[in-house]
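Peer 1: So here's model.txt, just compact mmCIF, C-alpha atoms:
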# COMPACT_ATOMS: atom_id res chain seq x y z
CA MET A 1 4.47 16.29 -6.76
CA SER A 2 3.41 14.28 -3.78
CA ALA A 3 0.74 11.62 -3.61
CA ILE A 4 -2.77 12.67 -2.75
CA ILE A 5 -3.81 10.53 0.19
CA ASP A 6 -7.19 9.90 1.72
CA LEU A 7 -6.22 8.43 5.11
CA GLN A 8 -9.12 6.74 6.87
CA ILE A 9 -8.65 5.59 10.46
CA ALA A 10 -11.13 2.84 11.35
CA THR A 11 -9.22 1.18 14.17
CA THR A 12 -9.07 1.42 17.92
CA SER A 13 -5.31 0.76 17.84
CA LYS A 14 -3.04 3.60 18.91
CA VAL A 15 0.03 2.06 17.25
CA ILE A 16 -0.45 3.41 13.75
CA PRO A 17 1.59 5.66 11.47
CA THR A 18 0.89 9.35 11.03
CA LEU A 19 -0.30 10.91 7.79
CA ASP A 20 3.24 12.30 7.40
CA ASN A 21 4.66 8.75 7.63
CA VAL A 22 2.22 7.43 5.02
CA GLN A 23 2.88 10.44 2.78
CA LEU A 24 6.65 9.88 2.89
CA TRP A 25 6.36 6.16 2.15
CA LEU A 26 3.94 6.57 -0.76
CA ASP A 27 5.88 9.51 -2.21
CA THR A 28 9.04 7.38 -2.12
CA VAL A 29 7.33 4.55 -4.03
CA LEU A 30 5.87 6.89 -6.65
CA LEU A 31 9.13 8.78 -7.11
CA HIS A 32 10.97 5.46 -7.47
CA GLN A 33 8.50 4.51 -10.22
CA ASP A 34 8.67 7.98 -11.88
CA LEU A 35 5.00 8.69 -11.23
CA THR A 36 3.28 11.93 -10.29
CA GLN A 37 -0.25 13.03 -9.44
CA GLN A 38 -1.41 9.71 -7.99
CA GLU A 39 -4.28 9.48 -5.52
CA ILE A 40 -4.56 6.62 -3.03
CA THR A 41 -6.97 5.79 -0.25
CA VAL A 42 -5.34 4.19 2.79
CA ARG A 43 -7.79 2.72 5.29
CA ILE A 44 -6.42 1.43 8.60
CA VAL A 45 -8.83 -1.09 10.08
CA ASP A 46 -9.33 -3.54 12.93
CA VAL A 47 -9.31 -7.34 12.67
CA GLU A 48 -13.06 -7.65 12.01
CA GLU A 49 -13.09 -5.46 8.91
CA SER A 50 -9.90 -7.00 7.54
CA GLN A 51 -11.28 -10.50 8.01
CA ALA A 52 -14.61 -9.60 6.37
CA LEU A 53 -12.91 -8.04 3.33
CA ASN A 54 -10.38 -10.86 3.04
CA SER A 55 -13.20 -13.40 3.16
CA GLU A 56 -15.35 -11.55 0.61
CA PHE A 57 -12.64 -10.71 -1.93
CA ARG A 58 -10.03 -13.46 -1.47
CA GLY A 59 -12.06 -16.32 0.00
CA LYS A 60 -9.84 -16.44 3.09
CA ASP A 61 -11.67 -16.29 6.42
CA SER A 62 -8.90 -14.60 8.41
CA PRO A 63 -7.55 -11.08 8.81
CA THR A 64 -4.52 -10.12 6.74
CA ASN A 65 -1.90 -7.40 6.87
CA VAL A 66 -2.71 -5.49 3.67
CA LEU A 67 -5.34 -5.72 0.96
CA SER A 68 -4.95 -3.81 -2.31
CA PHE A 69 -7.89 -2.81 -4.47
CA PRO A 70 -6.66 -1.28 -7.74
CA PHE A 71 -9.03 1.20 -9.35
CA GLU A 72 -10.40 0.12 -12.71
CA MET A 73 -11.48 2.91 -15.03
CA PRO A 74 -15.00 2.40 -16.37
CA ASP A 75 -15.34 1.94 -20.12
CA ILE A 76 -16.44 5.48 -20.84
CA VAL A 77 -14.71 8.00 -22.99
CA LEU A 78 -14.20 11.34 -21.33
CA GLN A 79 -14.16 14.25 -23.72
CA SER A 80 -12.53 17.56 -23.02
CA ASP A 81 -11.61 20.50 -25.22
CA ASP A 82 -8.63 21.43 -23.09
CA ASN A 83 -5.95 19.76 -21.05
CA GLU A 84 -7.87 19.66 -17.78
CA LEU A 85 -7.96 15.85 -17.80
CA ASP A 86 -4.18 15.73 -18.16
CA GLU A 87 -3.86 17.73 -14.95
CA MET A 88 -6.20 15.55 -12.89
CA PRO A 89 -4.69 13.06 -10.46
CA VAL A 90 -4.85 9.37 -11.33
CA PHE A 91 -6.71 7.35 -8.72
CA LEU A 92 -4.65 4.21 -8.12
CA GLY A 93 -7.01 2.53 -5.68
CA ASP A 94 -7.43 1.57 -2.05
CA LEU A 95 -5.15 -0.01 0.51
CA VAL A 96 -6.76 -1.60 3.56
CA ILE A 97 -4.31 -2.35 6.35
CA CYS A 98 -5.09 -4.19 9.57
CA SER A 99 -3.32 -2.46 12.44
CA GLN A 100 -3.37 -5.44 14.80
CA VAL A 101 -1.95 -7.85 12.20
CA VAL A 102 0.85 -5.44 11.25
CA GLU A 103 1.70 -4.83 14.91
CA ALA A 104 1.72 -8.58 15.69
CA GLU A 105 3.89 -9.36 12.64
CA ALA A 106 6.41 -6.65 13.57
CA LYS A 107 6.73 -8.08 17.06
CA GLN A 108 6.93 -11.69 15.81
CA GLN A 109 9.59 -10.79 13.21
CA ASN A 110 11.58 -8.54 15.60
CA LYS A 111 11.09 -5.49 13.39
CA GLN A 112 10.52 -1.88 14.33
CA ASN A 113 6.78 -1.24 14.14
CA LEU A 114 7.05 1.76 11.78
CA ASP A 115 9.52 -0.09 9.56
CA HIS A 116 7.00 -2.90 9.11
CA TRP A 117 4.22 -0.36 8.45
CA ALA A 118 6.42 1.23 5.77
CA HIS A 119 6.95 -2.19 4.20
CA MET A 120 3.22 -2.96 4.15
CA ILE A 121 2.33 0.44 2.62
CA ILE A 122 5.05 0.03 -0.03
CA HIS A 123 4.03 -3.58 -0.71
CA GLY A 124 0.38 -2.60 -1.10
CA CYS A 125 1.19 0.38 -3.33
CA LEU A 126 3.24 -1.84 -5.63
CA HIS A 127 0.20 -4.11 -5.94
CA LEU A 128 -1.86 -1.06 -6.95
CA LEU A 129 0.76 -0.39 -9.64
CA GLY A 130 0.31 -3.89 -11.05
CA PHE A 131 3.11 -5.85 -9.38
CA ASP A 132 2.42 -9.23 -7.83
CA HIS A 133 4.23 -12.16 -6.26
CA ILE A 134 2.34 -15.17 -7.58
CA GLU A 135 5.15 -16.48 -9.83
CA ASP A 136 8.71 -16.74 -8.48
CA ALA A 137 10.14 -14.31 -11.06
CA ASP A 138 7.44 -11.74 -10.25
CA ALA A 139 8.01 -12.23 -6.51
CA ASN A 140 11.75 -11.66 -6.96
CA GLU A 141 11.09 -8.48 -8.95
CA MET A 142 8.59 -7.14 -6.41
CA GLU A 143 10.79 -7.98 -3.42
CA GLY A 144 13.74 -6.30 -5.15
CA LEU A 145 11.68 -3.13 -5.61
CA GLU A 146 10.54 -3.24 -1.98
CA ILE A 147 14.12 -3.64 -0.75
CA ALA A 148 15.36 -0.76 -2.94
CA ILE A 149 12.55 1.58 -1.86
CA LEU A 150 12.96 0.70 1.82
CA LYS A 151 16.71 1.28 1.51
CA GLN A 152 15.96 4.84 0.32
CA LEU A 153 14.12 5.25 3.64
CA ALA A 154 17.06 3.77 5.62
CA ILE A 155 15.02 0.65 6.45
CA ASP A 156 16.69 -2.77 6.40
CA ASP A 157 15.80 -5.53 3.96
CA PRO A 158 12.62 -7.10 5.42
CA TYR A 159 13.43 -10.44 3.77
CA GLN A 160 16.98 -10.84 5.11
CA ASP A 161 15.98 -13.14 7.97
CA HIS A 162 13.42 -15.19 6.04
Is it possible to express this structure as structure tokens?

Peer 2:
Amino acid sequence: MSAIIDLQIATTSKVIPTLDNVQLWLDTVLLHQDLTQQEITVRIVDVEESQALNSEFRGKDSPTNVLSFPFEMPDIVLQSDDNELDEMPVFLGDLVICSQVVEAEAKQQNKQNLDHWAHMIIHGCLHLLGFDHIEDADANEMEGLEIAILKQLAIDDPYQDH
């Protein structure tokens, strides 16, 4: 089963991935993690929106490549007499990606634009799944997952030159 994606385009940039690209990248992450029926919102934004969200939620007054907002289930108990809840997709959360930052990073790091987009989508999705890179051990685990998933997509290790 493929990911259910709400792709929102809120950028003037023309250098952005297609829905098919995003679908492939997210499906690859979810399949790698043995997950099905996951719903994700991907919002592609300009610098202004990225900077505003980064300032509000992370206290950093600058745009950033990707922001991840995991969904937190409210503390309510849903009751159902049948299995309809088991068949509903799980909403993982929102990814907000700044097109201009991703494009600039790809150019600066001599990477193919779509390869860097794939990396940012995969990186953000892993954050939605609970991975982080605050501690060195966690960073190594997350980077290892990113490298393995990107390899499945025939994309080189994004950390090899860093």

Peer 1: Smallest atom-to-atom distance to Leu31 in chain A: which of A:Ile134, A:Val102, A:Ala3, A:Ile97, using only C-alpha atoms?

Peer 2: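 Selected residue with least distance to Leu31 in chain A: A:Ala3.
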
Peer 1: For Glu39 in chain A, which residue among A:Phe131, A:Phe71, A:Tyr159, A:Trp25 is the nearest when counting only C-alpha atoms?

Peer 2: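 Between A:Phe131, A:Phe71, A:Tyr159, A:Trp25, the residue approaching Glu39 in chain A most closely is A:Phe71.
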
Peer 1: Can you list, as a ChimeraX atom specification, every protein, DNA or RNA residue that comes within 8 Å of Ala52 in chain A when you count all atoms listed in the file, leaving out same-chain residues fewer than 3 positions away?

Peer 2: /A:48-49,55-56,61-63

Peer 1: Mind checking which residues fall within 9 Å of Gly124 in chain A, counting all atoms listed in the file, ignoring those fewer than 5 positions away in the same chain, and posting them as a PyMOL selection string?

Peer 2: chain A and resi 66-69+94-97+119+129

Peer 1: Report, in Å to a single decimal, how far apart CA of Glu141 in chain A and CA of Ser99 in chain A are.

Peer 2: 26.5 Å

Peer 1: Asn65 in chain A: which residues within 12 Å, counting all atoms listed in the file, same-chain residues fewer than 4 positions away excluded, as JSON, numbers by chain?

Peer 2: {"A": [43, 44, 45, 46, 47, 49, 50, 51, 53, 54, 95, 96, 97, 98, 99, 100, 101, 102, 103, 104, 105, 106, 116, 117, 119, 120, 121, 123, 124]}

Peer 1: Could you work out how far CA of Val22 in chain A lies from CA of His127 in chain A, giving the answer in Å with one decimal?

Peer 2: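 Between CA of His127 in chain A and CA of Val22 in chain A the gap works out to 16.0 Å.
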
Peer 1: Please compute the CA of Ala148 in chain A-CA of Val29 in chain A distance, one decimal, in Å.

Peer 2: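 Going from CA of Ala148 in chain A over to CA of Val29 in chain A, I get 9.7 Å.
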
Peer 1: Using all atoms listed in the file, can you tell me which of A:Thr11, A:Ser2, A:Thr64, A:Gln23 comes closest to Ala118 in chain A?

Peer 2: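 Of A:Thr11, A:Ser2, A:Thr64, A:Gln23, the one nearest Ala118 in chain A, counting all atoms listed in the file, is A:Gln23.
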
Peer 1: Kindly provide, as AutoDock Vina command-line options, the centre and edge lengths (Å, one decimal) of an axis-aligned box around all atoms of range 135-145 of chain A given in the file, with 3 Å on each side.

Peer 2:
--center_x 9.4 --center_y -9.9 --center_z -7.2 --size_x 14.6 --size_y 19.6 --size_z 13.6

Peer 1: In terms of the shortest atom-to-atom distance over all atoms listed in the file, which of A:Val42, A:Ile5, A:Ile122, A:Met73 is closest to Leu153 in chain A?

Peer 2: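 When distances to Leu153 in chain A are compared using all atoms listed in the file, the smallest one comes from A:Ile122.
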
Peer 1: Out of A:Asp136, A:Lys14, A:Gly130, A:Leu114, which residue has the shortest atom-to-atom distance to Asp156 in chain A when counting only C-alpha atoms?

Peer 2: A:Leu114

Peer 1: Have a look at A:Pro70, A:Thr41, A:Gln112, A:Leu150 and name the one nearest to Val15 in chain A; count only C-alpha atoms.

Peer 2: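 Checking each candidate against Val15 in chain A, we get A:Gln112 as the closest.
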
Peer 1: Starting from the incomplete input, reconstruct N, CA, C and O atoms of range 116-138 of chain A and write that as a compact mmCIF listing (two decimals), keeping the file's coordinate frame.

Peer 2:
# COMPACT_ATOMS: atom_id res chain seq x y z
N HIS A 116 7.90 -1.90 9.69
CA HIS A 116 7.00 -2.90 9.11
C HIS A 116 5.79 -2.21 8.45
O HIS A 116 5.34 -2.63 7.39
N TRP A 117 5.30 -1.14 9.08
CA TRP A 117 4.22 -0.36 8.45
C TRP A 117 4.68 0.16 7.10
O TRP A 117 3.93 0.09 6.11
N ALA A 118 5.89 0.71 7.03
CA ALA A 118 6.42 1.23 5.77
C ALA A 118 6.43 0.12 4.72
O ALA A 118 6.01 0.32 3.57
N HIS A 119 6.90 -1.07 5.12
CA HIS A 119 6.95 -2.19 4.20
C HIS A 119 5.55 -2.54 3.68
O HIS A 119 5.35 -2.77 2.48
N MET A 120 4.56 -2.59 4.57
CA MET A 120 3.22 -2.96 4.15
C MET A 120 2.60 -1.91 3.22
O MET A 120 1.93 -2.25 2.24
N ILE A 121 2.84 -0.63 3.49
CA ILE A 121 2.33 0.44 2.62
C ILE A 121 3.00 0.35 1.24
O ILE A 121 2.34 0.43 0.20
N ILE A 122 4.31 0.15 1.23
CA ILE A 122 5.05 0.03 -0.03
C ILE A 122 4.60 -1.21 -0.80
O ILE A 122 4.33 -1.15 -2.00
N HIS A 123 4.48 -2.32 -0.10
CA HIS A 123 4.03 -3.58 -0.71
C HIS A 123 2.65 -3.39 -1.35
O HIS A 123 2.44 -3.75 -2.52
N GLY A 124 1.73 -2.81 -0.58
CA GLY A 124 0.38 -2.60 -1.10
C GLY A 124 0.35 -1.65 -2.29
O GLY A 124 -0.36 -1.88 -3.27
N CYS A 125 1.14 -0.58 -2.23
CA CYS A 125 1.19 0.38 -3.33
C CYS A 125 1.72 -0.28 -4.60
O CYS A 125 1.21 -0.04 -5.70
N LEU A 126 2.73 -1.13 -4.46
CA LEU A 126 3.24 -1.84 -5.63
C LEU A 126 2.17 -2.73 -6.25
O LEU A 126 2.08 -2.86 -7.47
N HIS A 127 1.34 -3.35 -5.41
CA HIS A 127 0.20 -4.11 -5.94
C HIS A 127 -0.73 -3.20 -6.74
O HIS A 127 -1.20 -3.58 -7.81
N LEU A 128 -1.00 -2.00 -6.22
CA LEU A 128 -1.86 -1.06 -6.95
C LEU A 128 -1.26 -0.70 -8.30
O LEU A 128 -1.99 -0.39 -9.25
N LEU A 129 0.06 -0.72 -8.39
CA LEU A 129 0.76 -0.39 -9.64
C LEU A 129 0.89 -1.58 -10.57
O LEU A 129 1.50 -1.48 -11.64
N GLY A 130 0.34 -2.73 -10.16
CA GLY A 130 0.31 -3.89 -11.05
C GLY A 130 1.33 -4.97 -10.76
O GLY A 130 1.38 -5.98 -11.47
N PHE A 131 2.14 -4.81 -9.73
CA PHE A 131 3.11 -5.85 -9.38
C PHE A 131 2.43 -6.93 -8.55
O PHE A 131 1.49 -6.65 -7.82
N ASP A 132 2.93 -8.16 -8.68
CA ASP A 132 2.42 -9.23 -7.83
C ASP A 132 3.54 -10.20 -7.50
O ASP A 132 4.67 -10.04 -7.96
N HIS A 133 3.22 -11.20 -6.69
CA HIS A 133 4.23 -12.16 -6.26
C HIS A 133 3.71 -13.59 -6.36
O HIS A 133 4.06 -14.45 -5.56
N ILE A 134 2.90 -13.83 -7.38
CA ILE A 134 2.34 -15.17 -7.58
C ILE A 134 3.41 -16.11 -8.15
O ILE A 134 3.64 -17.19 -7.63
N GLU A 135 4.07 -15.69 -9.22
CA GLU A 135 5.15 -16.48 -9.83
C GLU A 135 6.47 -16.08 -9.18
O GLU A 135 6.65 -14.92 -8.78
N ASP A 136 7.42 -17.00 -9.12
CA ASP A 136 8.71 -16.74 -8.48
C ASP A 136 9.43 -15.54 -9.09
O ASP A 136 9.98 -14.70 -8.36
N ALA A 137 9.44 -15.44 -10.40
CA ALA A 137 10.14 -14.31 -11.06
C ALA A 137 9.49 -12.99 -10.68
O ALA A 137 10.18 -11.99 -10.43
N ASP A 138 8.16 -12.96 -10.63
CA ASP A 138 7.44 -11.74 -10.25
C ASP A 138 7.70 -11.40 -8.78
O ASP A 138 7.86 -10.24 -8.42
